[in-house]
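Structure file protein26.cif (mmCIF, C-alpha atoms) is printed below.
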data_run
#
loop_
_atom_site.label_atom_id
_atom_site.label_comp_id
_atom_site.auth_asym_id
_atom_site.auth_seq_id
_atom_site.Cartn_x
_atom_site.Cartn_y
_atom_site.Cartn_z
CA MET A 1 -247.31 -78.64 -13.84
CA GLN A 2 -246.93 -79.11 -17.56
CA CYS A 3 -249.48 -80.71 -19.88
CA PRO A 4 -248.36 -84.30 -20.67
CA LYS A 5 -249.69 -83.87 -24.22
CA CYS A 6 -248.68 -80.42 -25.45
CA ARG A 7 -246.36 -79.28 -22.63
CA ALA A 8 -248.24 -76.01 -22.03
CA PRO A 9 -248.74 -75.00 -18.39
CA MET A 10 -251.78 -76.45 -16.60
CA HIS A 11 -254.01 -74.42 -14.30
CA THR A 12 -255.99 -75.72 -11.33
CA TYR A 13 -259.75 -75.19 -11.13
CA ASN A 14 -262.30 -76.18 -8.54
CA ARG A 15 -265.43 -77.86 -9.91
CA ASN A 16 -268.04 -78.66 -7.25
CA GLY A 17 -265.33 -79.25 -4.71
CA VAL A 18 -263.17 -81.38 -7.02
CA GLN A 19 -259.76 -80.00 -8.02
CA ILE A 20 -259.07 -80.47 -11.72
CA GLU A 21 -256.14 -79.34 -13.85
CA GLN A 22 -256.80 -77.90 -17.28
CA CYS A 23 -254.17 -77.20 -19.94
CA SER A 24 -253.98 -73.57 -21.01
CA GLY A 25 -252.95 -74.75 -24.51
CA CYS A 26 -254.96 -77.76 -25.69
CA ARG A 27 -257.71 -77.39 -22.97
CA GLY A 28 -257.22 -81.01 -21.98
CA ILE A 29 -258.20 -81.94 -18.43
CA PHE A 30 -256.10 -83.97 -15.97
CA LEU A 31 -257.85 -85.78 -13.16
CA ASP A 32 -256.14 -87.20 -10.09
CA TYR A 33 -256.98 -90.66 -8.73
CA GLY A 34 -260.63 -90.76 -7.60
CA GLU A 35 -261.58 -87.41 -9.08
CA LEU A 36 -263.50 -88.92 -11.99
CA GLU A 37 -265.58 -90.95 -9.51
CA SER A 38 -266.19 -87.81 -7.44
CA LEU A 39 -267.47 -85.95 -10.48
CA THR A 40 -269.66 -88.89 -11.52
CA ARG A 41 -271.14 -89.04 -8.05
CA LEU A 42 -271.86 -85.32 -8.06
CA GLU A 43 -273.51 -85.61 -11.45
CA SER A 44 -275.82 -88.41 -10.35
CA GLN A 45 -276.83 -86.44 -7.25
CA TRP A 46 -277.68 -83.52 -9.51
CA SER A 47 -279.90 -85.50 -11.84
CA GLN A 48 -281.69 -87.56 -9.18
CA PRO A 49 -284.30 -85.81 -7.07
CA ALA A 50 -283.55 -85.76 -3.39
CA PRO A 51 -285.42 -88.47 -1.49
CA PRO A 52 -288.29 -87.20 0.65
CA PRO A 53 -287.42 -86.75 4.31
CA PRO A 54 -288.11 -89.95 6.26
CA GLY A 55 -291.49 -90.04 7.91
CA ALA A 56 -292.71 -86.86 6.21
CA PRO A 57 -296.46 -86.75 6.74
CA GLN A 58 -298.61 -86.72 3.62
CA ALA A 59 -301.12 -83.89 3.72
CA TYR A 60 -303.90 -85.86 2.07
CA PRO A 61 -304.67 -89.50 1.45
CA ALA A 62 -303.98 -90.68 -2.09
CA ALA A 63 -306.61 -89.25 -4.41
CA PRO A 64 -308.47 -91.60 -6.77
CA ALA A 65 -307.14 -91.31 -10.33
CA PRO A 66 -308.32 -92.66 -13.68
CA ALA A 67 -306.76 -95.78 -15.14
CA TRP A 68 -305.16 -93.67 -17.89
CA GLY A 69 -303.52 -91.33 -15.36
CA ALA A 70 -299.80 -90.64 -15.34
CA PRO A 71 -297.78 -93.35 -13.54
CA HIS A 72 -296.85 -90.97 -10.74
CA GLY A 73 -299.81 -88.63 -11.08
CA GLY A 74 -302.61 -89.21 -8.68
CA HIS A 75 -300.86 -91.63 -6.38
CA GLY A 76 -299.92 -89.25 -3.63
CA GLY A 77 -296.73 -87.64 -2.55
CA HIS A 78 -294.71 -84.59 -3.25
CA GLY A 79 -291.58 -86.13 -4.74
CA GLY A 80 -289.27 -84.44 -7.16
CA HIS A 81 -291.73 -85.43 -9.88
CA TYR A 82 -293.68 -82.20 -9.51
CA GLY A 83 -290.75 -79.82 -8.97
CA HIS A 84 -289.77 -78.04 -12.13
CA LYS A 85 -292.58 -79.54 -14.18
CA ARG A 86 -295.10 -78.00 -11.83
CA GLN A 87 -293.56 -74.55 -12.24
CA LYS A 88 -293.42 -74.95 -16.00
CA SER A 89 -296.93 -76.32 -16.44
CA PHE A 90 -298.46 -73.83 -14.03
CA GLY A 91 -297.73 -70.64 -15.93
CA HIS A 92 -298.15 -72.35 -19.28
CA MET A 93 -300.79 -75.06 -19.35
CA LEU A 94 -303.01 -74.05 -16.45
CA PHE A 95 -303.86 -70.66 -17.91
CA SER A 96 -304.64 -71.73 -21.43
CA SER A 97 -307.77 -72.67 -23.31
CA MET B 1 -321.69 -54.69 -5.29
CA ARG B 2 -321.96 -54.65 -9.04
CA ALA B 3 -320.18 -52.69 -11.75
CA GLN B 4 -318.08 -51.15 -9.07
CA LEU B 5 -315.17 -49.98 -11.13
CA GLY B 6 -316.45 -47.58 -13.68
CA SER B 7 -319.21 -46.74 -16.04
CA CYS B 8 -319.71 -47.53 -19.64
CA ALA B 9 -322.64 -45.49 -20.77
CA ARG B 10 -321.97 -44.98 -24.45
CA ILE B 11 -320.96 -48.39 -25.53
CA ALA B 12 -321.84 -51.88 -24.82
CA MET B 13 -319.53 -54.72 -24.56
CA GLY B 14 -317.78 -58.83 -23.18
CA ALA B 15 -315.60 -60.74 -20.95
CA TYR B 16 -311.94 -60.42 -20.67
CA ALA B 17 -309.38 -63.10 -20.25
CA PRO B 18 -306.10 -61.60 -19.11
CA GLY B 19 -302.92 -63.45 -19.58
CA ASP B 20 -304.07 -66.32 -21.73
CA PRO B 21 -300.85 -67.52 -23.37
CA SER B 22 -302.61 -67.92 -26.66
CA ALA B 23 -303.07 -64.15 -26.38
CA GLN B 24 -299.66 -63.95 -27.94
CA GLU B 25 -300.83 -65.63 -31.09
CA PRO B 26 -300.36 -63.22 -33.94
CA HIS B 27 -303.68 -62.21 -35.33
CA GLY B 28 -304.29 -62.69 -38.98
CA THR B 29 -302.85 -66.19 -38.65
CA TYR B 30 -305.23 -68.91 -37.58
CA ASP B 31 -308.83 -68.43 -36.71
CA PRO B 32 -310.27 -71.57 -35.11
CA ARG B 33 -313.53 -70.88 -36.86
CA GLY B 34 -311.87 -71.16 -40.22
CA THR B 35 -311.82 -67.58 -41.40
CA ARG B 36 -308.83 -65.34 -41.79
CA VAL B 37 -308.98 -62.13 -39.86
CA THR B 38 -307.25 -59.27 -41.54
CA ALA B 39 -308.81 -56.15 -40.08
CA ASP B 40 -306.96 -54.81 -37.08
CA VAL B 41 -309.57 -54.01 -34.50
CA LEU B 42 -307.04 -52.76 -31.95
CA PRO B 43 -306.99 -49.00 -32.72
CA ALA B 44 -310.76 -48.75 -32.78
CA LEU B 45 -311.04 -50.90 -29.67
CA SER B 46 -308.49 -48.74 -27.86
CA ALA B 47 -310.53 -45.67 -28.71
CA ARG B 48 -313.64 -47.45 -27.47
CA VAL B 49 -312.14 -48.37 -24.12
CA ARG B 50 -311.06 -44.75 -23.53
CA THR B 51 -314.58 -43.57 -24.26
CA ALA B 52 -315.96 -46.29 -22.03
CA ALA B 53 -313.70 -45.26 -19.18
CA HIS B 54 -314.59 -41.57 -19.52
CA PRO B 55 -318.15 -41.41 -20.81
CA ALA B 56 -318.69 -37.82 -19.72
CA ALA B 57 -315.29 -36.35 -20.64
CA ASP B 58 -314.14 -35.10 -24.01
CA VAL B 59 -310.49 -35.54 -23.15
CA CYS B 60 -308.69 -38.48 -21.54
CA ALA B 61 -305.99 -37.33 -19.13
CA CYS B 62 -304.81 -40.80 -18.19
CA GLY B 63 -301.81 -40.77 -20.55
CA ALA B 64 -300.72 -43.24 -23.19
CA ASP B 65 -299.72 -45.90 -20.64
CA ALA B 66 -303.26 -46.22 -19.33
CA THR B 67 -304.29 -48.36 -22.32
CA SER B 68 -302.93 -51.90 -22.60
CA VAL B 69 -303.73 -54.91 -24.75
CA LEU B 70 -304.58 -57.93 -22.55
CA ALA B 71 -305.26 -60.33 -25.42
CA ASP B 72 -305.30 -60.11 -29.20
CA ARG B 73 -306.79 -63.10 -30.97
CA PRO B 74 -309.40 -63.44 -33.69
CA ASN B 75 -311.81 -64.89 -31.14
CA GLY B 76 -311.09 -62.37 -28.40
CA THR B 77 -309.32 -59.03 -28.46
CA VAL B 78 -309.21 -57.44 -25.01
CA VAL B 79 -308.05 -53.91 -24.21
CA ARG B 80 -307.83 -52.30 -20.79
CA HIS B 81 -307.95 -48.61 -19.95
CA GLY B 82 -307.59 -47.97 -16.23
CA ALA B 83 -310.46 -49.69 -14.46
CA THR B 84 -312.33 -50.50 -17.68
CA VAL B 85 -311.89 -53.40 -20.08
CA VAL B 86 -313.49 -53.92 -23.49
CA LYS B 87 -313.55 -57.17 -25.40
CA ALA B 88 -314.13 -57.64 -29.12
CA HIS B 89 -315.58 -61.13 -29.52
CA ALA B 90 -315.26 -63.34 -32.60
CA ALA B 91 -316.88 -61.87 -35.70
CA ASP B 92 -319.12 -64.91 -36.17
CA THR B 93 -320.41 -64.86 -32.58
CA ALA B 94 -324.14 -65.60 -32.56
CA ARG B 95 -325.47 -62.27 -31.30
CA ALA B 96 -328.52 -63.78 -29.59
CA ASP B 97 -326.35 -66.32 -27.76
CA LEU B 98 -324.00 -63.59 -26.56
CA ALA B 99 -326.96 -61.51 -25.39
CA ALA B 100 -328.28 -64.43 -23.34
CA ARG B 101 -324.85 -65.09 -21.84
CA LEU B 102 -324.44 -61.39 -20.99
CA ALA B 103 -327.84 -61.45 -19.31
CA VAL B 104 -326.65 -64.30 -17.08
CA ALA B 105 -323.51 -62.39 -16.08
CA ALA B 106 -325.59 -59.28 -15.36
CA HIS B 107 -328.21 -61.13 -13.30
CA PRO B 108 -328.14 -60.33 -9.56
CA GLY B 109 -328.47 -64.07 -8.92
CA LEU B 110 -324.87 -64.46 -10.09
CA ASP B 111 -323.54 -61.75 -7.78
CA GLY B 112 -320.24 -62.84 -6.30
CA VAL B 113 -319.83 -65.61 -8.89
CA LEU B 114 -319.57 -64.05 -12.36
CA LEU B 115 -318.02 -60.66 -13.12
CA PRO B 116 -320.98 -58.49 -14.16
CA PRO B 117 -320.70 -56.44 -17.38
CA LEU B 118 -320.67 -52.65 -17.17
CA THR B 119 -323.48 -52.45 -19.71
CA PRO B 120 -326.18 -54.99 -20.45
CA ASP B 121 -325.82 -55.09 -24.24
CA ALA B 122 -323.07 -55.68 -26.78
CA ALA B 123 -322.06 -53.00 -29.29
CA GLU B 124 -320.73 -53.60 -32.80
CA LEU B 125 -317.25 -52.61 -33.90
CA ASP B 126 -315.74 -53.57 -37.26
CA GLY B 127 -318.13 -56.47 -37.52
CA ARG B 128 -317.33 -57.84 -34.07
CA PRO B 129 -319.55 -57.62 -31.01
CA VAL B 130 -317.90 -55.67 -28.21
CA THR B 131 -318.65 -55.88 -24.48
CA CYS B 132 -317.49 -53.75 -21.55
CA TRP B 133 -316.32 -54.91 -18.11
CA PRO B 134 -314.66 -53.69 -14.94
CA TYR B 135 -310.98 -54.59 -14.70
CA GLY B 136 -310.01 -57.30 -12.22
CA THR B 137 -306.61 -58.55 -11.08
CA PRO B 138 -305.72 -61.94 -12.63
CA VAL B 139 -304.16 -64.98 -10.95
CA ASP B 140 -300.36 -64.68 -10.64
CA ARG B 141 -299.03 -67.21 -13.13
CA ASP B 142 -295.57 -67.11 -11.55
CA ASP B 143 -296.77 -68.24 -8.13
CA PRO B 144 -298.26 -71.76 -8.13
CA ASP B 145 -298.47 -71.76 -4.33
CA ALA B 146 -300.87 -68.82 -4.42
CA ALA B 147 -303.27 -70.37 -6.94
CA PRO B 148 -306.84 -69.87 -5.67
CA TRP B 149 -307.96 -73.52 -5.95
CA GLU B 150 -310.56 -73.23 -3.18
CA ALA B 151 -311.97 -70.02 -4.62
CA ALA B 152 -312.15 -71.50 -8.12
CA ALA B 153 -313.98 -74.55 -6.80
CA THR B 154 -316.38 -72.55 -4.66
CA LEU B 155 -317.20 -70.21 -7.56
CA LEU B 156 -317.89 -73.19 -9.83
CA ALA B 157 -320.14 -74.78 -7.22
CA GLY B 158 -322.03 -71.48 -6.96
CA LEU B 159 -322.35 -71.27 -10.73
CA HIS B 160 -323.56 -74.87 -10.97
CA ARG B 161 -326.15 -74.30 -8.26
CA THR B 162 -327.74 -71.37 -10.12
CA PRO B 163 -331.52 -71.85 -10.06
CA ASP B 164 -333.11 -72.50 -13.42
CA ALA B 165 -335.37 -69.47 -12.98
CA VAL B 166 -332.31 -67.21 -13.28
CA LEU B 167 -331.41 -68.51 -16.75
CA PRO B 168 -332.84 -66.66 -19.76
CA PRO B 169 -334.96 -68.74 -22.15
CA GLY B 170 -332.51 -68.54 -25.04
CA LEU B 171 -329.42 -69.61 -23.12
CA PRO B 172 -327.53 -72.01 -25.44
CA PRO B 173 -325.57 -75.10 -24.40
CA MET B 174 -322.11 -74.52 -22.98
CA ARG B 175 -319.45 -74.80 -25.64
CA GLY B 176 -316.97 -77.18 -24.02
CA PRO B 177 -317.42 -80.06 -26.48
CA GLU B 178 -317.52 -77.59 -29.39
CA LYS B 179 -314.18 -76.13 -28.30
CA ALA B 180 -312.69 -79.61 -28.00
CA ALA B 181 -313.93 -80.53 -31.48
CA ARG B 182 -312.44 -77.32 -32.89
CA ALA B 183 -309.08 -78.18 -31.33
CA LEU B 184 -309.14 -81.60 -33.00
CA ALA B 185 -310.05 -79.97 -36.33
CA ARG B 186 -307.09 -77.65 -35.90
CA LEU B 187 -304.85 -80.65 -35.22
CA ARG B 188 -306.03 -82.40 -38.39
CA ALA B 189 -305.51 -79.22 -40.41
CA ALA B 190 -301.99 -78.69 -39.06
CA GLY B 191 -300.59 -81.59 -41.06
CA PRO B 192 -298.76 -84.74 -40.04
CA HIS B 193 -297.06 -84.97 -36.68
CA PRO B 194 -295.83 -88.12 -34.91
CA ALA B 195 -297.77 -87.24 -31.74
CA ALA B 196 -301.08 -86.74 -33.58
CA ALA B 197 -302.01 -90.46 -33.79
CA PRO B 198 -302.44 -91.10 -30.03
CA VAL B 199 -304.51 -87.93 -29.68
CA LEU B 200 -306.80 -88.96 -32.54
CA ARG B 201 -307.14 -92.44 -31.02
CA ALA B 202 -308.04 -90.99 -27.61
CA TRP B 203 -310.63 -88.74 -29.29
CA ALA B 204 -312.14 -91.64 -31.23
CA VAL B 205 -313.08 -93.62 -28.09
CA LEU B 206 -315.06 -90.70 -26.60
CA PRO B 207 -318.86 -90.79 -26.71
CA PRO B 208 -320.41 -88.64 -29.49
CA TRP B 209 -321.68 -85.90 -27.14
CA ALA B 210 -318.15 -85.24 -25.86
CA ARG B 211 -316.99 -84.85 -29.49
CA ASP B 212 -319.81 -82.39 -30.21
CA GLU B 213 -321.42 -84.91 -32.55
CA ALA B 214 -324.59 -85.35 -30.46
CA PRO B 215 -326.47 -83.20 -27.96
CA MET B 216 -325.19 -83.24 -24.39
CA PRO B 217 -327.18 -85.67 -22.26
CA ASP B 218 -327.25 -83.22 -19.34
CA THR B 219 -328.32 -79.65 -20.06
CA GLY B 220 -329.83 -78.85 -16.70
CA THR B 221 -326.89 -76.99 -15.18
CA LEU B 222 -325.32 -73.59 -15.81
CA CYS B 223 -321.67 -74.21 -16.77
CA HIS B 224 -318.71 -71.96 -17.52
CA GLY B 225 -317.55 -74.09 -20.43
CA ASP B 226 -313.86 -73.11 -20.46
CA LEU B 227 -312.52 -73.04 -16.94
CA HIS B 228 -308.81 -72.50 -16.38
CA LEU B 229 -306.83 -70.27 -14.05
CA GLY B 230 -306.92 -67.38 -16.50
CA GLN B 231 -310.69 -67.27 -15.96
CA LEU B 232 -310.53 -65.85 -12.43
CA VAL B 233 -309.97 -62.24 -11.44
CA ARG B 234 -310.00 -60.40 -8.16
CA ALA B 235 -312.67 -57.72 -8.08
CA GLY B 236 -312.34 -54.35 -6.38
CA ASN B 237 -313.47 -55.79 -3.05
CA GLY B 238 -310.78 -58.48 -3.18
CA ASP B 239 -313.09 -61.42 -3.91
CA TRP B 240 -312.39 -63.77 -6.81
CA LEU B 241 -314.90 -63.89 -9.66
CA LEU B 242 -315.25 -65.93 -12.84
CA ILE B 243 -314.83 -64.13 -16.16
CA ASP B 244 -315.29 -64.92 -19.86
CA ILE B 245 -318.84 -65.78 -20.80
CA ASP B 246 -318.11 -66.84 -24.38
CA ASP B 247 -318.60 -70.56 -23.66
CA LEU B 248 -321.13 -70.21 -20.83
CA GLY B 249 -324.35 -72.20 -21.07
CA ARG B 250 -326.30 -75.27 -20.09
CA GLY B 251 -324.53 -78.58 -19.81
CA ASP B 252 -322.82 -81.23 -17.72
CA PRO B 253 -321.11 -79.42 -14.82
CA ALA B 254 -318.38 -82.08 -14.67
CA TRP B 255 -316.91 -80.39 -17.75
CA ASP B 256 -315.92 -77.39 -15.61
CA LEU B 257 -314.02 -79.61 -13.18
CA ALA B 258 -312.45 -81.63 -15.94
CA ARG B 259 -309.51 -79.38 -16.74
CA PRO B 260 -308.04 -79.49 -13.21
CA ALA B 261 -308.94 -83.19 -13.20
CA ALA B 262 -307.06 -83.69 -16.46
CA TRP B 263 -304.03 -81.74 -15.17
CA PHE B 264 -304.00 -84.01 -12.13
CA ALA B 265 -304.39 -87.17 -14.20
CA CYS B 266 -301.59 -86.07 -16.55
CA GLY B 267 -299.27 -85.52 -13.60
CA LEU B 268 -299.20 -81.73 -14.02
CA LEU B 269 -301.17 -80.81 -10.90
CA PRO B 270 -299.94 -82.27 -7.60
CA PRO B 271 -302.45 -84.54 -5.85
CA ASP B 272 -302.82 -82.29 -2.82
CA GLU B 273 -303.79 -79.28 -4.95
CA TRP B 274 -306.32 -81.36 -6.87
CA THR B 275 -307.67 -82.72 -3.58
CA ARG B 276 -308.02 -79.19 -2.19
CA PHE B 277 -309.94 -78.13 -5.30
CA LEU B 278 -312.24 -81.16 -5.22
CA ALA B 279 -312.85 -80.92 -1.46
CA ALA B 280 -313.77 -77.23 -1.72
CA TYR B 281 -316.18 -77.98 -4.57
CA ARG B 282 -317.87 -80.69 -2.53
CA LYS B 283 -317.96 -78.53 0.59
CA ALA B 284 -319.74 -75.81 -1.38
CA GLY B 285 -322.39 -78.30 -2.50
CA GLY B 286 -321.33 -78.54 -6.12
CA PRO B 287 -323.51 -81.02 -8.03
CA ALA B 288 -321.01 -82.28 -10.64
CA VAL B 289 -319.67 -85.14 -8.52
CA THR B 290 -321.00 -87.24 -5.66
CA ALA B 291 -320.52 -85.80 -2.17
CA ASP B 292 -317.87 -88.41 -1.40
CA GLY B 293 -316.23 -91.44 -2.93
CA ASP B 294 -314.53 -91.71 -6.31
CA PRO B 295 -315.36 -88.68 -8.49
CA TRP B 296 -313.98 -90.28 -11.67
CA PRO B 297 -317.16 -91.92 -12.90
CA ALA B 298 -318.42 -88.36 -13.51
CA LEU B 299 -315.10 -86.81 -14.52
CA ASP B 300 -313.66 -89.46 -16.82
CA VAL B 301 -315.21 -88.49 -20.15
CA PRO B 302 -314.84 -84.69 -19.81
CA ALA B 303 -311.27 -85.05 -18.49
CA ARG B 304 -310.40 -87.26 -21.46
CA ALA B 305 -311.91 -84.73 -23.86
CA LEU B 306 -310.00 -81.83 -22.31
CA THR B 307 -306.76 -83.83 -22.32
CA ALA B 308 -307.24 -84.55 -26.03
CA GLN B 309 -308.14 -80.88 -26.64
CA THR B 310 -305.02 -79.69 -24.83
CA ALA B 311 -302.78 -82.14 -26.67
CA ALA B 312 -304.34 -81.27 -30.03
CA LEU B 313 -303.76 -77.54 -29.55
CA ALA B 314 -300.21 -78.10 -28.33
CA ILE B 315 -299.34 -80.17 -31.40
CA ALA B 316 -301.07 -77.78 -33.80
CA LYS B 317 -299.21 -74.81 -32.33
CA SER B 318 -295.89 -76.65 -32.39
CA VAL B 319 -296.39 -77.44 -36.10
CA GLU B 320 -297.49 -73.89 -36.93
CA ARG B 321 -294.50 -72.42 -35.11
CA GLY B 322 -291.96 -75.06 -36.11
CA ARG B 323 -290.94 -75.97 -32.57
CA PRO B 324 -290.84 -79.32 -30.76
CA LEU B 325 -293.28 -80.30 -28.01
CA ASP B 326 -291.96 -79.57 -24.54
CA GLU B 327 -292.07 -82.09 -21.71
CA VAL B 328 -295.33 -80.74 -20.29
CA GLU B 329 -297.02 -81.05 -23.67
CA MET B 330 -295.54 -84.53 -24.10
CA SER B 331 -297.06 -85.66 -20.80
CA VAL B 332 -300.50 -84.71 -22.15
CA VAL B 333 -299.86 -86.64 -25.38
CA ASP B 334 -298.69 -89.62 -23.30
CA ALA B 335 -301.96 -89.52 -21.36
CA CYS B 336 -303.85 -89.66 -24.68
CA ASP B 337 -301.84 -92.72 -25.63
CA ARG B 338 -302.84 -94.46 -22.39
CA MET B 339 -306.51 -93.47 -22.54
CA ALA B 340 -306.89 -94.73 -26.11
CA ALA B 341 -306.10 -98.21 -24.80
CA ILE B 342 -308.80 -97.99 -22.10
CA PRO B 343 -312.15 -96.85 -23.59
CA PRO B 344 -314.43 -94.96 -21.19
CA GLU B 345 -316.92 -97.82 -20.93
CA LEU B 346 -314.13 -100.09 -19.67
CA ALA B 347 -312.74 -97.54 -17.23
CA LYS B 348 -312.85 -98.31 -13.56
CA GLY B 349 -316.09 -97.43 -11.86
CA ARG B 350 -317.80 -96.19 -14.98
CA PRO B 351 -321.56 -96.50 -14.45
CA ALA B 352 -323.60 -98.31 -17.08
#
Could you spell out this file's structure in structure tokens?
Amino acid sequence: MQCPKCRAPMHTYNRNGVQIEQCSGCRGIFLDYGELESLTRLESQWSQPAPPPPGAPQAYPAAPAPAWGAPHGGHGGHGGHYGHKRQKSFGHMLFSS
Amino acid sequence: MRAQLGSCARIAMGAYAPGDPSAQEPHGTYDPRGTRVTADVLPALSARVRTAAHPAADVCACGADATSVLADRPNGTVVRHGATVVKAHAADTARADLAARLAVAAHPGLDGVLLPPLTPDAAELDGRPVTCWPYGTPVDRDDPDAAPWEAAATLLAGLHRTPDAVLPPGLPPMRGPEKAARALARLRAAGPHPAAAPVLRAWAVLPPWARDEAPMPDTGTLCHGDLHLGQLVRAGNGDWLLIDIDDLGRGDPAWDLARPAAWFACGLLPPDEWTRFLAAYRKAGGPAVTADGDPWPALDVPARALTAQTAALAIAKSVERGRPLDEVEMSVVDACDRMAAIPPELAKGRPA
């Protein structure tokens, strides 16, 4: 198809399972009906941590924490809260004076 | 088995701390003790470690790759050659204090707890005391799942249970509060930063002893004084040992648990890893906390101090290097903000 704006040919790309058309001239993007919603949905899935599996047993009871503790720190669970931050703080903060 | 990895007959030397990120600090920049360090001790130290590794040989056949720098800071330059490590301590190290700390590490009563030095005394090199140690394998900083939490806790419990008779008469206090106070001084010297105010507020509500402004109330227990995961190495027999005696001394043993406690409270250490650490410490009979129940009455003040220390150093380094705080550093600053609003005497479960 041709770009409705500059009339250059448009090429089809697949982005996370959503077909989008991009103009080879002005780089504009053409979305079909529902494709914007599909992309928005994919984006929100990416930024939200996956929910824990239902009924997953907790290895330890919630540990006591100080009143100044982090809102999610010290109140049990393995949620997405510790994912990348754990990796980052481990090699960085936990080895330093 | 002691001093299993080599001999060090001609020189005397100190602890080594492999892989401390502040090892990458350029020397000649900031000395936490307030003096500029200009002399480069590395070439002389590299020569020393070769001699230490081969005391009887005139020639070293190990090749150039056998010598590596494990840390290079004004307060600790560490060079490895094969199985031998030498450390140049800070120039202003009190020599008598270092001698007493070395004597603790060398004492058979600390076998299996502290890495023993290869020689009992420190040597002098370019105005810095130098100590000599066997090399040990550090904790893998890329593998959080393999972190030796139980071993760290068990070693601390063993250290804290050291009988008083083992400690030399001149053993000074552990330097935890002094280190924290130095970090706050470095923060104040770094210049203005928007995150500095909550850290200073958190510091201000601490009792004087935790700010190094009064003697520690508890000096009955041998403490490491600067525990973190860079302070464990695997010895030749595969067992973990504590290293780095620079801050070792008498004090409140809760200080040694306070860094993992602070990481947990700041949301950096998952609850199950903290719980494993605490349970192993209790199982090994460690005296810093009660055998069961809430450990925070004992941990609150030291964990606050170490959180403030960590935040202060992070801000100071970010100012010195012109970079923003990352999200991990921000979570420590955020914890300071919360703790400033809840003074220790008002904290839950705090004994009178």
Next on the checklist: I want to know what sits within 12 Å of Lys88 in chain A, based on all atoms listed in the file, with residues of the same chain fewer than 5 positions away left out; could you give that as number ranges by chain?
Outcome noted: A: 82-83, 93-95; B: 141-144, 268-269, 326-329
Could you write out that same residue set with C-alpha atoms as an mmCIF file, in the frame of the given file?
data_model
loop_
_atom_site.group_PDB
_atom_site.id
_atom_site.type_symbol
_atom_site.label_atom_id
_atom_site.label_comp_id
_atom_site.auth_asym_id
_atom_site.auth_seq_id
_atom_site.Cartn_x
_atom_site.Cartn_y
_atom_site.Cartn_z
ATOM 1 C CA TYR A 82 -293.680 -82.200 -9.510
ATOM 2 C CA GLY A 83 -290.750 -79.820 -8.970
ATOM 3 C CA MET A 93 -300.790 -75.060 -19.350
ATOM 4 C CA LEU A 94 -303.010 -74.050 -16.450
ATOM 5 C CA PHE A 95 -303.860 -70.660 -17.910
ATOM 6 C CA ARG B 141 -299.030 -67.210 -13.130
ATOM 7 C CA ASP B 142 -295.570 -67.110 -11.550
ATOM 8 C CA ASP B 143 -296.770 -68.240 -8.130
ATOM 9 C CA PRO B 144 -298.260 -71.760 -8.130
ATOM 10 C CA LEU B 268 -299.200 -81.730 -14.020
ATOM 11 C CA LEU B 269 -301.170 -80.810 -10.900
ATOM 12 C CA ASP B 326 -291.960 -79.570 -24.540
ATOM 13 C CA GLU B 327 -292.070 -82.090 -21.710
ATOM 14 C CA VAL B 328 -295.330 -80.740 -20.290
ATOM 15 C CA GLU B 329 -297.020 -81.050 -23.670
#
Checklist entry - Which value, in Å to one decimal, gives the distance between CA of Pro253 in chain B and CA of Ala288 in chain B? => result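 Rounded to one decimal, the two atoms are 5.1 Å apart.
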Next on the checklist: Set the cut-off to 7 Å and count only C-alpha atoms: what are the residues of chain B that reach chain A? Output as number ranges by chain.
Outcome noted: B: 20-22, 141-142, 144, 226, 228-230, 264-272, 275, 294, 296, 300, 328, 335, 338-339, 347-348
If the PyMOL selection byres ((chain B and resi 247) around 12) were run on this exact file, what residues would it hold? Put them as a CSV table (one decimal) with C-alpha atoms, in the coordinates of the input.
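Okay, selection04.csv is ready:
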chain,number,residue,atom,x,y,z
A,97,SER,CA,-307.8,-72.7,-23.3
B,14,GLY,CA,-317.8,-58.8,-23.2
B,15,ALA,CA,-315.6,-60.7,-21.0
B,75,ASN,CA,-311.8,-64.9,-31.1
B,89,HIS,CA,-315.6,-61.1,-29.5
B,90,ALA,CA,-315.3,-63.3,-32.6
B,93,THR,CA,-320.4,-64.9,-32.6
B,94,ALA,CA,-324.1,-65.6,-32.6
B,97,ASP,CA,-326.4,-66.3,-27.8
B,98,LEU,CA,-324.0,-63.6,-26.6
B,100,ALA,CA,-328.3,-64.4,-23.3
B,101,ARG,CA,-324.8,-65.1,-21.8
B,102,LEU,CA,-324.4,-61.4,-21.0
B,171,LEU,CA,-329.4,-69.6,-23.1
B,172,PRO,CA,-327.5,-72.0,-25.4
B,173,PRO,CA,-325.6,-75.1,-24.4
B,174,MET,CA,-322.1,-74.5,-23.0
B,175,ARG,CA,-319.4,-74.8,-25.6
B,176,GLY,CA,-317.0,-77.2,-24.0
B,177,PRO,CA,-317.4,-80.1,-26.5
B,178,GLU,CA,-317.5,-77.6,-29.4
B,179,LYS,CA,-314.2,-76.1,-28.3
B,180,ALA,CA,-312.7,-79.6,-28.0
B,222,LEU,CA,-325.3,-73.6,-15.8
B,223,CYS,CA,-321.7,-74.2,-16.8
B,224,HIS,CA,-318.7,-72.0,-17.5
B,225,GLY,CA,-317.6,-74.1,-20.4
B,226,ASP,CA,-313.9,-73.1,-20.5
B,227,LEU,CA,-312.5,-73.0,-16.9
B,231,GLN,CA,-310.7,-67.3,-16.0
B,243,ILE,CA,-314.8,-64.1,-16.2
B,244,ASP,CA,-315.3,-64.9,-19.9
B,245,ILE,CA,-318.8,-65.8,-20.8
B,246,ASP,CA,-318.1,-66.8,-24.4
B,248,LEU,CA,-321.1,-70.2,-20.8
B,249,GLY,CA,-324.4,-72.2,-21.1
B,250,ARG,CA,-326.3,-75.3,-20.1
B,251,GLY,CA,-324.5,-78.6,-19.8
B,255,TRP,CA,-316.9,-80.4,-17.8
B,256,ASP,CA,-315.9,-77.4,-15.6
